[in-house]
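Trainee: Got a file for you: protein13.txt, compact mmCIF, C-alpha atoms.
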# COMPACT_ATOMS: atom_id res chain seq x y z
CA MET Z 17 102.68 127.74 93.72
CA LYS Z 18 100.74 124.48 93.53
CA THR Z 19 102.21 121.61 95.52
CA HIS Z 20 102.70 118.27 93.78
CA ILE Z 21 100.68 115.74 95.77
CA HIS Z 22 100.76 111.96 96.06
CA ILE Z 23 97.69 110.08 97.29
CA ARG Z 24 98.49 106.79 99.02
CA PRO Z 25 97.30 104.51 101.86
CA ALA Z 26 98.09 105.78 105.35
CA THR Z 27 100.61 104.10 107.65
CA LYS Z 28 100.51 103.50 111.39
CA GLU Z 29 103.50 105.83 111.81
CA GLN Z 30 101.33 108.75 110.64
CA ALA Z 31 98.75 108.16 113.39
CA SER Z 32 99.39 111.32 115.40
CA GLU Z 33 99.17 113.62 112.37
CA ILE Z 34 96.10 111.78 111.08
CA ALA Z 35 94.44 112.19 114.49
CA THR Z 36 95.15 115.94 114.37
CA LEU Z 37 93.48 116.21 110.99
CA ILE Z 38 90.48 114.10 112.03
CA MET Z 39 89.99 116.50 114.91
CA LEU Z 40 90.24 119.39 112.45
CA ALA Z 41 87.46 117.77 110.42
CA MET Z 42 85.33 117.29 113.56
CA ASN Z 43 85.75 121.01 114.49
CA HIS Z 44 86.75 122.43 117.89
CA ASP Z 45 83.33 122.36 119.60
CA CYS Z 46 82.71 118.74 118.69
CA CYS Z 47 86.14 117.70 120.01
CA LYS Z 48 85.54 119.59 123.27
CA ASN Z 49 82.20 117.81 123.63
CA PHE Z 50 83.86 114.42 123.17
CA ALA Z 51 86.67 115.27 125.59
CA GLY Z 52 84.18 116.29 128.28
CA PRO Z 53 84.56 118.77 131.13
CA HIS Z 54 87.38 116.90 132.90
CA HIS Z 55 89.76 116.29 130.01
CA SER Z 56 91.71 118.43 127.59
CA LEU Z 57 91.92 118.38 123.82
CA GLU Z 58 95.39 116.88 124.27
CA ASP Z 59 93.77 113.95 126.09
CA PHE Z 60 91.30 113.55 123.27
CA HIS Z 61 94.11 113.69 120.69
CA ALA Z 62 96.01 110.95 122.54
CA MET Z 63 92.89 108.78 122.45
CA MET Z 64 92.30 109.48 118.76
CA THR Z 65 95.93 108.65 117.95
CA GLN Z 66 95.45 105.29 119.63
CA LEU Z 67 92.29 104.70 117.60
CA VAL Z 68 94.11 105.51 114.36
CA GLU Z 69 96.78 102.98 115.31
CA THR Z 70 94.10 100.36 116.04
CA GLU Z 71 93.41 97.81 113.29
CA HIS Z 72 89.64 97.62 113.85
CA SER Z 73 88.41 101.17 114.42
CA GLN Z 74 86.45 103.56 112.25
CA TYR Z 75 89.46 105.91 112.45
CA SER Z 76 92.05 103.21 111.75
CA TYR Z 77 94.93 104.08 109.46
CA ARG Z 78 93.74 101.11 107.38
CA ASN Z 79 90.64 103.14 106.46
CA ALA Z 80 92.60 106.26 105.52
CA LEU Z 81 94.19 107.75 102.45
CA VAL Z 82 96.76 110.49 102.90
CA ALA Z 83 97.91 113.28 100.62
CA THR Z 84 101.65 113.88 100.92
CA THR Z 85 104.01 116.27 99.18
CA SER Z 86 107.02 115.11 97.15
CA ARG Z 87 109.06 115.68 100.33
CA GLY Z 88 106.80 113.40 102.36
CA VAL Z 89 104.94 116.13 104.26
CA LEU Z 90 101.40 115.06 105.14
CA ALA Z 91 98.99 117.64 103.68
CA GLY Z 92 95.57 116.02 104.07
CA ILE Z 93 93.62 112.89 104.93
CA CYS Z 94 90.39 111.12 104.04
CA VAL Z 95 88.95 108.35 106.20
CA GLY Z 96 86.19 106.06 104.98
CA TYR Z 97 84.66 102.61 105.45
CA ASP Z 98 81.72 100.44 104.44
CA GLY Z 99 78.60 101.77 106.15
CA GLY Z 100 77.54 98.23 107.02
CA ASP Z 101 80.60 97.96 109.29
CA LEU Z 102 79.84 101.09 111.33
CA GLN Z 103 78.57 99.39 114.49
CA GLN Z 104 81.51 97.02 114.66
CA LEU Z 105 84.12 99.68 113.88
CA ARG Z 106 82.66 102.32 116.22
CA GLN Z 107 82.79 100.06 119.27
CA ALA Z 108 86.50 100.83 119.60
CA PHE Z 109 85.63 104.55 119.95
CA PHE Z 110 82.96 103.85 122.59
CA ASP Z 111 85.34 101.66 124.58
CA ALA Z 112 88.18 104.20 124.38
CA ALA Z 113 85.93 107.11 125.39
CA ARG Z 114 84.80 105.25 128.51
CA GLN Z 115 88.33 104.18 129.43
CA HIS Z 116 90.24 107.40 128.72
CA LEU Z 117 87.61 110.14 129.08
CA GLY Z 118 84.91 108.68 131.33
CA GLN Z 119 82.37 109.40 128.57
CA ASP Z 120 79.56 107.14 127.36
CA PHE Z 121 78.56 107.70 123.73
CA GLU Z 122 76.75 104.40 123.14
CA GLY Z 123 73.52 106.21 122.23
CA MET Z 124 75.12 108.24 119.46
CA ASP Z 125 73.18 108.50 116.20
CA ASP Z 126 74.44 106.46 113.28
CA GLU Z 127 76.15 108.58 110.63
CA THR Z 128 75.66 105.98 107.92
CA GLN Z 129 74.14 102.58 107.20
CA THR Z 130 74.48 99.47 105.10
CA GLY Z 131 74.38 100.31 101.40
CA GLU Z 132 76.94 103.08 101.15
CA PHE Z 133 80.67 103.58 101.55
CA TYR Z 134 80.89 106.35 104.13
CA LEU Z 135 83.48 109.12 104.12
CA ASP Z 136 83.92 109.79 107.83
CA SER Z 137 86.59 112.49 107.82
CA LEU Z 138 88.17 114.78 105.24
CA ALA Z 139 90.68 117.46 106.16
CA VAL Z 140 93.53 119.44 104.60
CA LYS Z 141 96.09 121.40 106.59
CA PRO Z 142 95.45 125.18 106.35
CA GLU Z 143 98.76 125.86 104.58
CA PHE Z 144 97.85 123.43 101.78
CA ARG Z 145 94.29 124.57 101.11
CA GLN Z 146 92.99 126.04 97.83
CA GLN Z 147 95.11 123.61 95.82
CA GLY Z 148 92.51 120.96 95.01
CA ILE Z 149 93.88 118.44 97.52
CA ALA Z 150 90.48 117.70 99.09
CA GLY Z 151 89.10 116.97 95.62
CA GLN Z 152 92.00 114.63 94.85
CA LEU Z 153 91.41 112.72 98.08
CA LEU Z 154 87.69 112.44 97.40
CA ARG Z 155 88.27 111.22 93.85
CA ALA Z 156 90.77 108.63 95.08
CA MET Z 157 88.25 107.29 97.62
CA ILE Z 158 85.47 107.24 95.02
CA ASN Z 159 87.65 105.42 92.50
CA ALA Z 160 88.70 102.89 95.12
CA HIS Z 161 85.26 102.19 96.59
CA GLY Z 162 82.51 103.58 94.35
CA ASP Z 163 82.05 100.74 91.87
CA ASP Z 164 79.36 98.81 93.73
CA GLN Z 165 77.68 101.23 96.15
CA PRO Z 166 77.24 104.98 96.52
CA VAL Z 167 79.82 106.97 98.47
CA GLY Z 168 78.19 109.05 101.19
CA LEU Z 169 79.10 111.79 103.64
CA LEU Z 170 77.56 114.31 106.00
CA VAL Z 171 78.17 118.03 105.66
CA ASP Z 172 77.21 120.63 108.23
CA GLN Z 173 74.26 122.72 107.08
CA GLY Z 174 76.24 125.76 108.16
CA ASN Z 175 79.06 124.97 105.73
CA PRO Z 176 77.68 125.67 102.23
CA LYS Z 177 81.21 126.17 100.85
CA ALA Z 178 82.08 122.54 101.62
CA GLU Z 179 78.77 121.36 100.16
CA LYS Z 180 79.55 123.22 96.92
CA LEU Z 181 82.86 121.38 96.67
CA TYR Z 182 81.11 118.04 97.09
CA GLN Z 183 78.38 118.90 94.59
CA ARG Z 184 80.96 120.03 92.04
CA LEU Z 185 82.54 116.59 92.37
CA GLY Z 186 79.22 114.86 91.70
CA PHE Z 187 77.71 114.39 95.18
CA ARG Z 188 73.94 114.78 95.47
CA TYR Z 189 71.68 115.69 98.38
CA VAL Z 190 69.70 112.68 99.60
CA GLY Z 191 68.34 113.82 102.98
CA ASP Z 192 68.84 115.57 106.31
CA ALA Z 193 70.65 114.11 109.31
CA GLU Z 194 71.99 115.08 112.72
CA TRP Z 195 75.37 114.30 114.19
CA GLY Z 196 77.15 115.64 117.28
CA GLY Z 197 74.31 118.08 117.93
CA HIS Z 198 74.68 119.63 114.45
CA ALA Z 199 72.12 119.71 111.65
CA MET Z 200 73.72 117.95 108.70
CA ARG Z 201 72.97 117.26 105.05
CA HIS Z 202 73.47 113.73 103.77
CA LEU Z 203 75.12 113.69 100.34
CA GLN Z 204 75.92 110.73 98.11
CA TYR Z 205 78.05 110.17 95.05
CA PRO Z 206 76.01 107.62 93.07
CA VAL Z 207 77.43 104.54 91.41
CA LYS Z 208 78.27 105.40 87.82
CA CYS Z 209 80.30 104.20 84.84
CA ALA Z 210 83.98 104.08 85.77
CA TRP Z 211 85.13 106.22 82.82
CA ALA Z 212 82.92 109.07 84.04
CA ARG Z 213 84.98 109.47 87.21
CA ALA Z 214 88.10 110.59 85.31
CA ASP Z 215 87.43 114.34 85.63
CA GLU Z 216 84.64 116.85 86.21
CA LEU Z 217 84.03 117.49 82.50
CA SER Z 218 83.62 113.79 81.67
CA GLU Z 219 81.41 113.35 84.71
CA LYS Z 220 79.07 116.18 83.74
CA TYR Z 221 78.85 114.82 80.19
CA HIS Z 222 78.08 111.33 81.51
CA ASP Z 223 75.49 112.51 84.03
CA GLU Z 224 73.62 114.94 81.78
CA GLU Z 225 74.14 113.98 78.12
CA TRP Z 226 75.57 110.54 77.38
CA GLY Z 227 72.87 108.07 76.40
CA VAL Z 228 70.00 110.56 76.56
CA PRO Z 229 67.77 110.18 73.45
CA LEU Z 230 68.56 113.15 71.21
CA HIS Z 231 66.22 114.75 68.64
CA ASP Z 232 67.81 118.15 68.00
CA GLU Z 233 69.42 118.79 64.60
CA GLN Z 234 72.23 121.07 65.77
CA ARG Z 235 73.19 118.70 68.57
CA HIS Z 236 73.10 115.79 66.12
CA TYR Z 237 75.66 117.59 63.97
CA MET Z 238 77.61 118.64 67.07
CA PHE Z 239 78.05 115.07 68.30
CA LEU Z 240 78.77 113.77 64.81
CA LEU Z 241 81.44 116.46 64.41
CA MET Z 242 82.96 115.76 67.82
CA GLU Z 243 83.01 112.01 67.24
CA SER Z 244 84.57 112.43 63.80
CA MET Z 245 87.14 114.91 65.11
CA SER Z 246 88.04 112.46 67.90
CA CYS Z 247 89.45 109.93 65.43
CA GLY Z 248 92.88 109.09 66.89
CA LEU Z 249 92.34 111.45 69.84
CA SER Z 250 90.65 111.25 73.25
CA TRP Z 251 87.02 112.08 73.92
CA GLN Z 252 88.13 114.15 76.90
CA MET Z 253 89.99 116.41 74.45
CA MET Z 254 86.78 116.79 72.44
CA LEU Z 255 84.86 117.86 75.53
CA GLN Z 256 87.59 120.35 76.41
CA ARG Z 257 87.42 121.87 72.93
CA ARG Z 258 83.65 121.78 72.45
CA GLU Z 259 83.26 125.55 72.73
CA ILE Z 260 86.16 126.09 70.30
CA PHE Z 261 84.39 123.78 67.83
CA ARG Z 262 81.19 125.73 68.43
CA ARG Z 263 82.88 129.01 67.48
CA CYS Z 264 84.64 127.51 64.48
CA PHE Z 265 81.64 125.66 63.07
CA ALA Z 266 78.81 128.21 63.28
CA ASN Z 267 77.28 126.97 66.53
CA PHE Z 268 77.01 123.52 64.91
CA ASP Z 269 74.54 124.69 62.28
CA ALA Z 270 75.17 122.21 59.46
CA HIS Z 271 73.36 124.39 56.90
CA VAL Z 272 75.80 127.23 57.54
CA VAL Z 273 78.88 124.98 57.69
CA ALA Z 274 77.86 123.36 54.39
CA LYS Z 275 78.51 126.73 52.71
CA PHE Z 276 81.99 127.20 54.17
CA THR Z 277 84.77 128.07 51.75
CA GLU Z 278 88.55 127.81 51.73
CA ALA Z 279 88.63 131.10 53.64
CA ASP Z 280 86.69 129.45 56.46
CA VAL Z 281 89.13 126.54 56.49
CA GLU Z 282 92.00 129.02 56.92
CA ARG Z 283 90.08 130.86 59.66
CA ILE Z 284 89.47 127.62 61.54
CA MET Z 285 93.10 126.54 61.09
CA GLY Z 286 94.20 129.79 62.70
CA THR Z 287 91.84 129.55 65.71
CA GLU Z 288 93.71 129.21 68.99
CA GLY Z 289 93.11 125.84 70.63
CA MET Z 290 91.67 124.27 67.48
CA ILE Z 291 92.86 120.85 66.32
CA ARG Z 292 94.90 121.92 63.31
CA SER Z 293 94.20 119.08 60.93
CA ARG Z 294 93.22 120.50 57.53
CA ARG Z 295 91.92 117.11 56.41
CA LYS Z 296 89.63 116.81 59.43
CA ILE Z 297 88.39 120.41 59.13
CA GLU Z 298 87.60 119.89 55.48
CA GLY Z 299 85.99 116.58 56.44
CA MET Z 300 83.62 118.32 58.85
CA ILE Z 301 82.51 120.63 56.05
CA THR Z 302 82.00 117.63 53.78
CA ASN Z 303 79.94 115.99 56.53
CA ALA Z 304 77.83 119.14 56.92
CA ARG Z 305 76.95 119.01 53.21
CA ALA Z 306 76.07 115.32 53.46
CA PHE Z 307 74.09 116.05 56.65
CA VAL Z 308 72.00 118.67 54.84
CA LYS Z 309 71.29 116.29 51.94
CA VAL Z 310 70.15 113.56 54.34
CA ALA Z 311 67.93 116.05 56.19
CA GLN Z 312 66.35 117.11 52.89
CA GLU Z 313 65.69 113.50 51.89
CA PHE Z 314 64.28 112.28 55.21
CA GLY Z 315 62.79 115.53 56.54
CA SER Z 316 65.54 115.74 59.19
CA PHE Z 317 68.77 114.00 60.10
CA ASP Z 318 66.96 112.92 63.26
CA ASN Z 319 64.40 110.99 61.21
CA TYR Z 320 67.22 109.33 59.29
CA ILE Z 321 69.43 108.24 62.20
CA TRP Z 322 66.55 106.94 64.32
CA SER Z 323 65.08 105.03 61.38
CA PHE Z 324 67.77 102.36 61.85
CA THR Z 325 66.07 101.27 65.09
CA GLU Z 326 62.52 102.36 64.19
CA GLY Z 327 62.76 105.11 66.79
CA ARG Z 328 63.78 102.78 69.63
CA SER Z 329 66.60 103.13 72.15
CA LEU Z 330 68.31 99.76 72.51
CA LEU Z 331 69.64 97.99 75.58
CA TYR Z 332 71.77 94.96 74.70
CA ARG Z 333 71.74 92.11 77.24
CA SER Z 334 75.25 91.04 76.29
CA HIS Z 335 76.76 94.47 76.94
CA ALA Z 336 76.20 94.29 80.71
CA ASP Z 337 79.39 92.29 81.25
CA GLN Z 338 81.63 93.67 78.50
CA TRP Z 339 82.72 96.94 76.94
CA VAL Z 340 81.68 97.02 73.27
CA THR Z 341 83.15 99.36 70.64
CA LEU Z 342 81.16 98.33 67.56
CA ASN Z 343 78.43 95.95 66.50
CA GLU Z 344 76.19 94.99 63.59
CA LEU Z 345 74.11 98.16 63.98
CA SER Z 346 77.10 100.51 63.91
CA ASP Z 347 78.50 98.58 60.92
CA ARG Z 348 75.25 99.12 59.06
CA VAL Z 349 74.92 102.81 59.93
CA ALA Z 350 78.58 103.54 59.14
CA LEU Z 351 78.31 101.85 55.75
CA ASP Z 352 75.21 103.86 54.86
CA LEU Z 353 76.78 107.14 56.00
CA LYS Z 354 79.85 106.49 53.86
CA ARG Z 355 77.60 105.72 50.91
CA ARG Z 356 75.96 109.11 51.44
CA GLY Z 357 79.28 110.97 51.35
CA PHE Z 358 80.22 111.22 55.06
CA CYS Z 359 83.84 110.76 56.10
CA TYR Z 360 85.55 109.83 59.40
CA VAL Z 361 82.56 107.60 60.13
CA GLY Z 362 84.01 104.15 60.75
CA SER Z 363 81.99 101.64 62.73
CA THR Z 364 83.78 102.41 66.02
CA ILE Z 365 83.18 106.17 65.63
CA ILE Z 366 79.53 105.56 64.79
CA TYR Z 367 79.07 103.15 67.69
CA SER Z 368 80.26 105.93 70.03
CA HIS Z 369 77.88 108.31 68.28
CA LEU Z 370 74.92 105.96 68.79
CA GLN Z 371 75.82 105.73 72.48
CA ALA Z 372 76.06 109.51 72.79
CA ILE Z 373 72.67 110.25 71.21
CA GLY Z 374 70.80 107.57 73.15
CA ILE Z 375 70.14 105.03 70.42
CA ILE Z 376 72.25 102.61 72.46
CA ASN Z 377 72.14 102.66 76.27
CA ASP Z 378 75.54 101.35 77.37
CA HIS Z 379 75.56 102.66 80.94
CA ARG Z 380 76.79 99.94 83.30
CA PRO Z 381 73.90 98.12 85.05
CA GLY Z 382 74.93 99.51 88.46
CA CYS Z 383 75.15 103.10 87.17
CA PHE Z 384 72.39 105.41 88.39
CA ARG Z 385 71.81 106.58 84.79
CA TYR Z 386 71.23 103.01 83.59
CA ALA Z 387 68.01 102.68 85.53
CA GLU Z 388 66.87 106.22 84.73
CA LEU Z 389 67.27 105.68 80.98
CA ALA Z 390 66.36 101.97 80.77
CA GLN Z 391 62.63 102.67 81.15
CA GLY Z 392 62.51 104.01 77.60
CA CYS Z 393 64.67 101.25 76.08
CA THR Z 394 63.94 98.06 74.18
CA MET Z 395 65.94 95.07 75.46
CA VAL Z 396 67.56 93.17 72.60
CA ASP Z 397 70.07 90.39 72.03
CA ASP Z 398 73.23 91.31 70.12
Could you render the structure from this file as structure tokens?

Mentor:
Amino acid sequence: MKTHIHIRPATKEQASEIATLIMLAMNHDCCKNFAGPHHSLEDFHAMMTQLVETEHSQYSYRNALVATTSRGVLAGICVGYDGGDLQQLRQAFFDAARQHLGQDFEGMDDETQTGEFYLDSLAVKPEFRQQGIAGQLLRAMINAHGDDQPVGLLVDQGNPKAEKLYQRLGFRYVGDAEWGGHAMRHLQYPVKCAWARADELSEKYHDEEWGVPLHDEQRHYMFLLMESMSCGLSWQMMLQRREIFRRCFANFDAHVVAKFTEADVERIMGTEGMIRSRRKIEGMITNARAFVKVAQEFGSFDNYIWSFTEGRSLLYRSHADQWVTLNELSDRVALDLKRRGFCYVGSTIIYSHLQAIGIINDHRPGCFRYAELAQGCTMVDD
């Protein structure tokens, strides 16, 4: 049974448990190395507890988020800090190691550097694993600190399972590193549009599809259908039901959908997981017929939709500091689509469609996709 988890800032009173979990993240051999030949793991734990209680330490409770159950049981922790503060924060560890363990670690390699928010430690108690708690902690840290700089971490090269978890959450390999005598891989979660961090499905859509110039007829109809179906609903729901739409609407082949009959409407209405709005389903068939007519007139729907910008992807200067939901271009396109027999194509729906197919690049300026896509864009004033 999955445990209901709360993610919240750590408190000083949780220092001992947090220290235990940091040591779990470090692994046994690393902790033994830090403790040295003349001290026990209990000695090292006492030192780490003191460092968690300390205000200015890389392991401070102030740098930690904890996952707790509804009964207040601590299930996991994540510790992170600005990479530019590493030298200052780590001095407390060096001083404590000399005082309590007789160890000098001043020559230790840097795990991170200025320019990233570094996730130092992530651990979940064994009895709470396989419940997505590590992912929840990572997402919470990313949402709290990932707006202005990438979030980085090191993962042991001998732990591919952990690396898969990080990659599934959007982390990318950026280079090799070494820490504590172990070969490590340096991963980073890049800065991206805030809405993309809501869930894995939205993130994948943002990273791979949103804003990429599109010139494929079936995908044009797919996005137009999904945008039109989303009227009054969330885009996340559309992404979740994309494969259901694909089955219902002939793999998004507008020429086939244009020939659908009342029997097809009934079939779609009875499909499990489908949005059961007869008006919308009938509207998608209407749009397929209009889509085919436009394609016949212009040679393709692609030729038609890109003709509004003369084939250019647009980057609006004014959109950098505000979230826009419609503009003069979407007004013009929506009006023309309605004139041609399309339905569920208001200006807001069409603005989203133009974003999706890459006619408008509305990635935030700090987002890694902004720079990747901006090279092919024309900068314009709204």

Trainee: Skip Ala270 of chain Z itself and residues of its chain fewer than 5 positions away, then list as a PyMOL selection string all residues within 8 Å of it, counting all atoms listed in the file.

Mentor: chain Z and resi 234+237+304-305+307-308

Trainee: Per residue of segment 154-248 of chain Z within 9 Å of segment 374-397 of chain Z, note the shortest atom pair and the distance in Å to one decimal, counting all atoms listed in the file, and order the rows by chain and increasing residue number, as CSV.

Mentor:
residue,atom,partner,partner_atom,distance
Z:Asp163,CA,Z:Gly382,CA,8.0
Z:Asp164,CA,Z:Gly382,CA,6.9
Z:Gln165,CA,Z:Gly382,CA,8.3
Z:Pro206,CA,Z:Phe384,CA,6.3
Z:Val207,CA,Z:Cys383,CA,5.0
Z:Lys208,CA,Z:Cys383,CA,3.9
Z:Cys209,CA,Z:Arg380,CA,5.7
Z:Ala210,CA,Z:Arg380,CA,8.7
Z:His222,CA,Z:Arg385,CA,8.5
Z:Asp223,CA,Z:Arg385,CA,7.0
Z:Glu225,CA,Z:Gly374,CA,8.8
Z:Trp226,CA,Z:Gly374,CA,7.0
Z:Gly227,CA,Z:Gly374,CA,3.9
Z:Val228,CA,Z:Gly374,CA,4.6
Z:Pro229,CA,Z:Gly374,CA,4.0
Z:Leu230,CA,Z:Gly374,CA,6.3

Trainee: As an MDAnalysis selection string, please: the residues near Trp251 of chain Z (cut-off 12 Å, only C-alpha atoms, same-chain neighbours under 3 positions excluded).

Mentor: chainID Z and resid 211:212 214:215 217:218 221:222 239 241:248 254:258 365 368:369 372

Trainee: When you count all atoms listed in the file, which of these residues is closest to Tyr77 of chain Z: Z:Thr325, Z:Ser137, Z:Thr364, Z:Thr19?

Mentor: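 With all atoms listed in the file as the atom set, the closest residue is Z:Ser137.
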
Trainee: What's around Gln173 of chain Z at 6 Å? Count only C-alpha atoms, leave out sequence neighbours fewer than 5 positions away in its own chain, and write the answer as a list of chain:residue names.

Mentor: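 Surrounding residues, per the criterion: Z:Ala199, Z:Met200, Z:Arg201.
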
Trainee: Which one is closest to Lys354 of chain Z: Z:Asp318, Z:Thr302, Z:His22, Z:Cys94? Count only C-alpha atoms.

Mentor: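 Among the listed residues, Z:Thr302 lies closest to Lys354 of chain Z.
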
Trainee: What are the centre and edge lengths in Å, to one decimal, of the axis-aligned box around all listed atoms of segment 109-118 of chain Z with 6 Å added on each side, as AutoDock Vina command-line options?

Mentor:
--center_x 86.6 --center_y 105.9 --center_z 125.6 --size_x 19.3 --size_y 20.5 --size_z 23.4

Trainee: Residues within 12 Å of Trp195 of chain Z, please, as a tab-separated table (two decimals) with C-alpha atoms, in the coordinates of the input. Count only C-alpha atoms; anything in the same chain fewer than 6 positions from it doesn't count.

Mentor:
chain	number	residue	atom	x	y	z
Z	42	MET	CA	85.33	117.29	113.56
Z	46	CYS	CA	82.71	118.74	118.69
Z	123	GLY	CA	73.52	106.21	122.23
Z	124	MET	CA	75.12	108.24	119.46
Z	125	ASP	CA	73.18	108.50	116.20
Z	126	ASP	CA	74.44	106.46	113.28
Z	127	GLU	CA	76.15	108.58	110.63
Z	128	THR	CA	75.66	105.98	107.92
Z	136	ASP	CA	83.92	109.79	107.83
Z	169	LEU	CA	79.10	111.79	103.64
Z	170	LEU	CA	77.56	114.31	106.00
Z	171	VAL	CA	78.17	118.03	105.66
Z	172	ASP	CA	77.21	120.63	108.23
Z	173	GLN	CA	74.26	122.72	107.08
Z	201	ARG	CA	72.97	117.26	105.05
Z	202	HIS	CA	73.47	113.73	103.77
